[in-house]
Structure formats: C-alpha cells, structure tokens
Amino acid sequence: MVVLSCSITTKGGKPLLSRQFCEMSRMRVEGLLAAFPKLMGTGRSKQHQFVDTDTVRYIYQPIESLFILLITNRASNIVEDLETLRLLSKVVPDVAGGVTEEKVCDAVFELIFAFDEVLTAGGYKEGLPLSTIKANLEMESHEEKLHMMIKQSKEDAAKDEAKRQAKAIKERQMQMMKQQLGGGGGPPSASGMQGFGGGGNNMGGGSQDPFSMMGMSDPYSNQSGGGGDFGGSSDPYGGGGASASFNPSSGTATVSSAPRNVKVGMKLGGRKTKGKKDDLMHMMAAEDGLSPMPLAPARPGVASMEVTPPPAAPQHPVTLLVEEKVSVSMSAEGEVQSCEIKGTLSLTANEDAGANVVSTVDKAAIDASSIPFSVNTHPKIDKKQWEQGGQLAIKGGKSIPVGRPIGVLRWSYSDPEACPLTLTCWVEEDGASMNLNLEYEAKPGMSLKEVSIVIPGVHSPPRVSEVDGQYKHDTVSGSLIWYNSVIDDNNSSGALEFNVEGASSDFFPIPITFKSEKLFFPFNLLSVQSGSGDVKYDLQKSLAPDQYICGS
C-alpha cells in the first residue's frame with residue numbers, strides 16, 4: 001500500500017491543503033487534483049467512494065462541506081486505504097476544531113503534522129491510534145519545561161540585580177543631597193548640578209539663598225534686627241536696614257545701609273561667613289527627617305562617582321580560552337542521577353602574528369589522568385602531531401582568521417561521582433506551613449565562587465532559623481536565594497533551614513549556579529610558538545554549570 005498524496009478539498013474541487021508522501025512534481029499534483037472533480041461522479045451521499053484511472057486511484061470521503069482525498073497507486077490495498085481514510089476523518093476535526101474551510105485554513109500546518117503522524121515518508125500507514133497521535137502532536141517535553149524555568153529564573157535574577165543597582169544609585173543620590181543640605185565645600189553631584197548647600201560654583205559663589213536670588217528676603221528669617229542670614233532686614237519685602245558683606249581678600253566685614261526704595265536683584269559671586277547655616281535649608285531638612293552631615297574634603301581630579309572602565313583590549317597576539325560546562329541532575333535526596341562535563345579549548349588570533357601558531361599541550365598528563373576523558377581535536381587540526389607530541393597545529397601550515405575564536409580541542413566525561421556540589425533537601429509539614437532543611441556538600445579539592453541556590457515557591461516572607469552564608473527573599477519571582485561567595489575545603493558543607501507556607505512540590509526544581517577557575521580536565525599549556533619563536537599569549541580558564549538542577 002502506497003499513498004501518494006493526502007489532500008483536503010472543497011466540494012467544488014478547490015484544494016485547501018495537500019501533503020505528498022512520494023516524490024512528485026508540483027505540476028503533476030495540480031493536474032491530479034484538477035481532474036478529481038470531473039471524475040467524482042454524482043453519488044456524493046455515500047460514506048466513501050473511489051475512482052480508478054489508468055495510473056492512480058482516488059479514495060475520498062465527504063465531511064460536511066469538504067472532502068478528504070487520498071491518491072494512491074493502482075496496486076494499493078483499498079481495505080487498508082479505507083482504514084486510513086476513516087482515521088483521517090477523525091483526526092481532521094479534532095486538530096482543526098471543525099471542518100469548515102476557515103478552520104482548516106487556520107490549522108493547515110497542524111493538519112500537515114497530523115498527516116505525518118498517520119502516514120510515514122513513502123506513503124505507508126503508521127497504525128497509531130488517535131490518542132497516540134494527539135499525544136505526539138502536543139510534543140510536551142519535561143526538558144523544555146525545565147529549560148524555561150531556568151530561563152525565567154535567570155531573567156528574574158537580572159531584574160532583581162537591576163532593581164538593586166537602581167536602589168544603590170538612589171541611595172547615593174540621597175547621600176549627596178544630605179551632604180549638600182549639611183553645607184560646606186564638596187564635590188559636585190553626579191549629574192553636574194550643584195545643590196543648595198554645597199560649595200563649588202553655585203551660580204558663581206558659595207551657599208546662595210534662593211529667596212535673595214529672586215530679589216526677596218526670607219519670610220522665615222530673624223525679624224528682630226539687622227545682620228541676619230538673609231540680609232538682616234526686618235521687612236520681608238526688602239526694605240531698610242543694614243546689609244552685611246564679607247571681603248575675602250582682607251578678611252574684614254563691612255556694614256552699609258541701603259535706602260528702602262532700592263530693590264535687590266540677583267546677586268552673583270557673594271559669599272557668606274563660614275559656619276553660618278541657611279535657616280530655610282535647615283527647616284526643609286527637619287521636615288524630611290534629615291540631619292546635616294560633614295563633608296569629606298574633596299580631592300582634586302577625583303570624580304564623585306566611579307565609572308567602570310571599558311574592557312581592556314588584548315595585550316598579546318594570542319588568547320586561549322579553556323571552558324568547561326557541567327550538567328547535573330539530582331534528586332531532592334541528593335542522589336546524583338547524571339553528571340556530564342564538556343570542555344572546549346578556543347584559540348583567538350588577536351593580530352597577524354598569532355594567526356599561524358602551534359600550541360603544545362601536556363598530553364602525557366592527559367593520558368595519565370585518572371578520569372577517562374573522551375578527547376577530540378577539530379577536523380582541521382593535524383591529528384598526527386597531536387598524537388605524537390600534543391601539538392595543536394592547522395593542517396598544511398594554514399592560518400586561522402584574525403579576531404575570531406576557533407575551537408581546536410574538545411573533551412567530555414560523564415560520571416555521577418564527578419559532581420562538584422550536591423544538595424540534600426528535607427521538606428516536612430509543620431502545621432499549616434512547611435519546614436525546609438537544605439544542606440550542600442562540595443567535592444574535595446573544589447573551589448566554587450558566587451554560588452547561588454534558588455529555591456522557588458517562596459511567595460511569603462520565610463522565617464529563617466539557620467543559614468551558612470547569605471540569603472535574600474525575592475518577592476517578585478517568589479523565590480529564596482541562598483548565596484555563598486566561596487565554597488571550598490574550608491566550608492565544604494553548609495545548611496539552610498527556614499519555615500514558609502506552601503506545598504512540598506512548590507519548592508522544586510532548584511537551579512544552582514556558580515563559577516570556578518579549577519577545571520576537571522588536566523590542561524597544562526607548555527608553549528605557543530610560531531616560525532619566529534615563542535609567542536606571548538593570554539590564558540583564561542573557567543568552569544560553570546550548563547544545567548544544574550536539584551529535584552528534577
């Protein structure tokens with residue numbers, strides 16, 4: 001039995017979709033479908049019909065206003081074809097959600113996938129029931145769900161970091177505002193604007209009163225006589241009285257009287273006596289609950305905010321990067337189900353002098369390693385030189401592209417005993433809440449940095465009773481982050497115990513992230529040479545998890 005094509009057409013002969021299972025040209029398919037309405041006959045009320053021609057056989061079945069059409073060869077078993085046609089008549093309404101022309105056109109790709117589940121390439125029937133076909137079409141994957149959860153966890157962590165940075169920037173701005181309200185000299189703010197109470201070039205001079213800058217006296221100043229902070233006038237509108245000024249060159253104060261009808265405009269460059277405070281600024285600070293803070297003396301040439309410098313350009317002609325990725329899946333009881341280590345050595349020529357180099361690796365250490373790594377070189381690497389002396393050289397003395405990393409060596413190893421960090425979880429009911437005990441244990445000799453263990457399902461504030469390291473409750477993602485800056489032989493084990501509302505299944509799976517410079521692979525670079533001698537190089541090593549899951 002060979003089915004050449006499976007199609008859905010209208011009763012007028014218009015094809016909506018057609019799936020071919022044998023090699024056929026488009027012209028032939030269109031010709032066969034165009035001939036079908038003319039060969040159909042008049043007996044459309046029957047459950048199914050077939051029409052034989054010199055080369056093919058048409059088998060069709062009406063479903064409401066459409067036809068399901070099979071085109072087979074003449075030698076095909078018609079009984080098997082009718083079984084296939086009956087199965088397709090059940091699949092089409094189930095996948096498309098109806099048998100109208102609009103619904104079929106909307107679900108055309110899903111229907112093609114369904115046809116591929118019923119018939120194999122070559123036109124042979126699979127013999128699957130409808131339930132299996134539906135399960136295959138759903139394509140539900142536990143690995144995909146796990147990947148999406150890890151991706152969402154990383155996105156949430158990035159959002160938390162952004163919020164933390166924004167909070168830190170806001171705190172720095174508030175700190176600078178407190179310093180400026182406290183008076184005295186100090187560095188300018190990060191935005192380049194000067195505050196009311198700071199020193200520096202504040203409209204050309206020292207601490208300047210905002211009321212006097214607008215030609216007005218402070219309505220909250222001392223009303224008892226001259227010599228006050230805002231000109232000493234008892235008249236709030238600038239009339240009469242004496243005004244005090246200070247000559248910085250002579251260090252003496254002079255008092256002059258001004259007629260009442262003279263209005264004071266914007267005053268630039270004026271300075272107040274050192275040690276006096278602006279009353280209005282103190283009142284504003286008191287309302288906000290702020291207290292003046294002494295300013296550290298400003299150092300010339302030092303900015304108030306540090307700017308992270310851009311990454312430095314490569315200093316040497318060659319950069320070698322050794323990366324290892326570890327994938328671990330373990331149960332909540334700490335039993336390691338799988339542990340796979342994959343590593344690569346990438347070489348980057350930063351300039352022409354590093355485009356034709358030979359890197360020599362200590363292959364004897366690799367061969368003598370207790371871990372049976374599976375090691376492979378790139379197809380363009382001379383395998384004979386690698387096997388004889390551990391040299392990584394391009395075949396035929398060719399050069400590598402400049403500025404682009406090239407993978408030259410790859411290794412892998414799989415063994416649950418190689419797991420660098422295990423996590424054991426105990427979840428117990430405690431009345432209406434759950435009590436969780438988590439304990440990590442590092443493999444001897446490992447040094448892991450920035451270790452984060454993210455426990456999901458912690459939507460309410462946890463009650464932490466014991467923790468080795470630090471923890472943070474992320475209310476946005478509903479997770480508890482257990483953090484250790486370093487885990488090595490000095491603190492190879494640690495525990496976290498907390499109580500929180502929820503169900504035991506809410507706290508899994510638990511992703512773990514870390515980074516390290518200690519590799520499993522015994523990589524030792526002996527030399528990097530070219531035709532002119534030794535070549536200077538940069539060597540970087542890193543170990544990081546690819547997928548590290550507890551409770552999978």
# chains A, B, ... in the order shown; residues from 1 in each chain; ligands from 1
$ residues_around --residues "Met330 of chain A" --least-positions-apart "2" --cutoff "9 Å" --atoms "only C-alpha atoms" --output "PyMOL selection string"
chain A and resi 328+332-339+422-423+548-552
$ write_last_selection --atoms "N, CA, C and O atoms" --output "mmCIF file, in the first residue's frame"
data_model
loop_
_atom_site.group_PDB
_atom_site.id
_atom_site.type_symbol
_atom_site.label_atom_id
_atom_site.label_comp_id
_atom_site.auth_asym_id
_atom_site.auth_seq_id
_atom_site.Cartn_x
_atom_site.Cartn_y
_atom_site.Cartn_z
ATOM 1 N N VAL A 328 24.239 18.717 35.632
ATOM 2 C CA VAL A 328 23.949 17.781 36.717
ATOM 3 C C VAL A 328 22.448 17.722 36.934
ATOM 4 O O VAL A 328 21.764 18.749 36.921
ATOM 5 N N ALA A 332 15.891 15.222 45.039
ATOM 6 C CA ALA A 332 15.815 16.056 46.235
ATOM 7 C C ALA A 332 16.566 15.425 47.402
ATOM 8 O O ALA A 332 16.958 16.125 48.343
ATOM 9 N N GLU A 333 16.785 14.101 47.368
ATOM 10 C CA GLU A 333 17.518 13.420 48.425
ATOM 11 C C GLU A 333 19.026 13.520 48.253
ATOM 12 O O GLU A 333 19.788 12.963 49.045
ATOM 13 N N GLY A 334 19.485 14.216 47.203
ATOM 14 C CA GLY A 334 20.911 14.378 46.975
ATOM 15 C C GLY A 334 21.541 13.294 46.137
ATOM 16 O O GLY A 334 22.761 13.286 45.957
ATOM 17 N N GLU A 335 20.744 12.379 45.594
ATOM 18 C CA GLU A 335 21.282 11.318 44.752
ATOM 19 C C GLU A 335 21.509 11.867 43.343
ATOM 20 O O GLU A 335 20.576 12.325 42.689
ATOM 21 N N VAL A 336 22.754 11.808 42.900
ATOM 22 C CA VAL A 336 23.107 12.339 41.577
ATOM 23 C C VAL A 336 22.691 11.330 40.516
ATOM 24 O O VAL A 336 23.171 10.191 40.488
ATOM 25 N N GLN A 337 21.778 11.769 39.657
ATOM 26 C CA GLN A 337 21.283 10.884 38.600
ATOM 27 C C GLN A 337 22.171 10.935 37.368
ATOM 28 O O GLN A 337 22.366 9.928 36.694
ATOM 29 N N SER A 338 22.706 12.096 37.050
ATOM 30 C CA SER A 338 23.605 12.229 35.908
ATOM 31 C C SER A 338 24.505 13.429 36.130
ATOM 32 O O SER A 338 24.100 14.433 36.726
ATOM 33 N N CYS A 339 25.742 13.299 35.668
ATOM 34 C CA CYS A 339 26.714 14.393 35.726
ATOM 35 C C CYS A 339 27.575 14.295 34.469
ATOM 36 O O CYS A 339 28.261 13.294 34.259
ATOM 37 N N THR A 422 26.732 18.744 45.739
ATOM 38 C CA THR A 422 25.457 18.048 45.922
ATOM 39 C C THR A 422 24.597 18.821 46.915
ATOM 40 O O THR A 422 25.113 19.519 47.795
ATOM 41 N N LEU A 423 23.292 18.687 46.750
ATOM 42 C CA LEU A 423 22.327 19.380 47.609
ATOM 43 C C LEU A 423 21.279 18.380 48.084
ATOM 44 O O LEU A 423 20.664 17.682 47.279
ATOM 45 N N TYR A 548 22.157 22.791 36.051
ATOM 46 C CA TYR A 548 22.476 22.190 37.354
ATOM 47 C C TYR A 548 21.202 22.227 38.184
ATOM 48 O O TYR A 548 20.827 23.269 38.717
ATOM 49 N N ILE A 549 20.526 21.096 38.287
ATOM 50 C CA ILE A 549 19.176 21.049 38.846
ATOM 51 C C ILE A 549 19.103 20.023 39.966
ATOM 52 O O ILE A 549 19.607 18.901 39.838
ATOM 53 N N CYS A 550 18.461 20.427 41.051
ATOM 54 C CA CYS A 550 18.163 19.510 42.152
ATOM 55 C C CYS A 550 16.649 19.330 42.240
ATOM 56 O O CYS A 550 15.895 20.312 42.197
ATOM 57 N N GLY A 551 16.206 18.087 42.363
ATOM 58 C CA GLY A 551 14.776 17.806 42.432
ATOM 59 C C GLY A 551 14.128 17.713 41.075
ATOM 60 O O GLY A 551 12.959 18.037 40.911
ATOM 61 N N SER A 552 14.890 17.275 40.075
ATOM 62 C CA SER A 552 14.351 17.172 38.714
ATOM 63 C C SER A 552 13.500 15.915 38.567
ATOM 64 O O SER A 552 13.633 14.970 39.322
#
$ residues_around --residues "Gln540 of chain A" --least-positions-apart "4" --cutoff "8 Å" --atoms "only C-alpha atoms" --output "ChimeraX atom specification"
/A:319-322
$ write_last_selection --atoms "C-alpha atoms" --output "PDB file, in the first residue's frame"
ATOM      1  CA  THR A 319      44.258  34.421  23.540  1.00  0.00           C
ATOM      2  CA  LEU A 320      43.421  30.889  24.679  1.00  0.00           C
ATOM      3  CA  LEU A 321      40.142  30.240  26.486  1.00  0.00           C
ATOM      4  CA  VAL A 322      39.531  26.954  28.324  1.00  0.00           C
TER       5      VAL A 322
END
$ residues_around --residues "segment 47-56 of chain A" --least-positions-apart "6" --cutoff "12 Å" --atoms "only C-alpha atoms" --output "number ranges by chain"
A: 2-5, 28-29, 32-33, 35-41, 62-64, 67-76, 78-79, 81-83, 85-86, 89
$ residues_around --residues "Gly396 of chain A" --least-positions-apart "6" --cutoff "12 Å" --atoms "only C-alpha atoms" --output "number ranges by chain"
A: 356, 380-383, 385
$ residues_around --residues "Tyr440 of chain A" --least-positions-apart "6" --cutoff "12 Å" --atoms "only C-alpha atoms" --output "ChimeraX atom specification"
/A:332-334,419-426,451-453,467-469,482-484,487-488,491-497,512,550
$ residues_around --residues "Gln315 of chain A" --least-positions-apart "2" --cutoff "8 Å" --atoms "only C-alpha atoms" --output "tab-separated table (two decimals) with N, CA and C atoms, in the first residue's frame"
chain	number	residue	atom	x	y	z
A	313	ALA	N	41.71	46.00	25.81
A	313	ALA	CA	41.98	45.28	24.58
A	313	ALA	C	43.03	44.20	24.83
A	317	PRO	N	49.40	38.65	21.21
A	317	PRO	CA	48.90	38.22	19.88
A	317	PRO	C	47.89	37.08	19.93
A	538	ASP	N	47.56	35.10	26.23
A	538	ASP	CA	46.70	35.20	27.41
A	538	ASP	C	45.95	33.88	27.55
$ closest_residue --among "A:Ser530, A:Leu345, A:His316, A:Lys103" --to "Gly397 of chain A" --atoms "only C-alpha atoms"
A:Ser530
$ atom_distance --atom1 "atom CA of Arg463 of chain A" --atom2 "atom CA of Ile481 of chain A"
13.6 Å
$ residues_around --residues "Asp430 of chain A" --least-positions-apart "5" --cutoff "10 Å" --atoms "only C-alpha atoms" --output "ChimeraX atom specification"
/A:435-436,499-501
$ atom_distance --atom1 "atom CA of Ile400 of chain A" --atom2 "atom CA of Lys342 of chain A"
23.8 Å
$ closest_residue --among "A:Arg410, A:Lys363, A:Glu80, A:Ile8" --to "Gly390 of chain A" --atoms "only C-alpha atoms"
A:Lys363
$ select_by_dssp --residues "segment 30-186 of chain A" --states "alpha helix (DSSP H)" --output "PyMOL selection string"
chain A and resi 30-39+78-96+101-106+108-118+130-138+142-181
$ atom_distance --atom1 "atom CA of Asn524 of chain A" --atom2 "atom CA of Ile366 of chain A"
8.8 Å
$ select_by_dssp --residues "segment 332-449 of chain A" --states "strand (DSSP E or B)" --output "JSON, numbers by chain"
{"A": [336, 337, 338, 339, 340, 341, 342, 343, 344, 345, 346, 347, 348, 349, 358, 359, 360, 361, 374, 375, 376, 377, 381, 391, 392, 394, 402, 406, 407, 408, 409, 410, 411, 412, 413, 414, 421, 422, 423, 424, 425, 426, 427, 428, 429, 430, 433, 434, 435, 436, 437, 438, 439, 440, 441, 442, 448, 449]}
$ closest_residue --among "A:Met446, A:Leu438, A:Gln152, A:Glu351" --to "Ser465 of chain A" --atoms "only C-alpha atoms"
A:Leu438
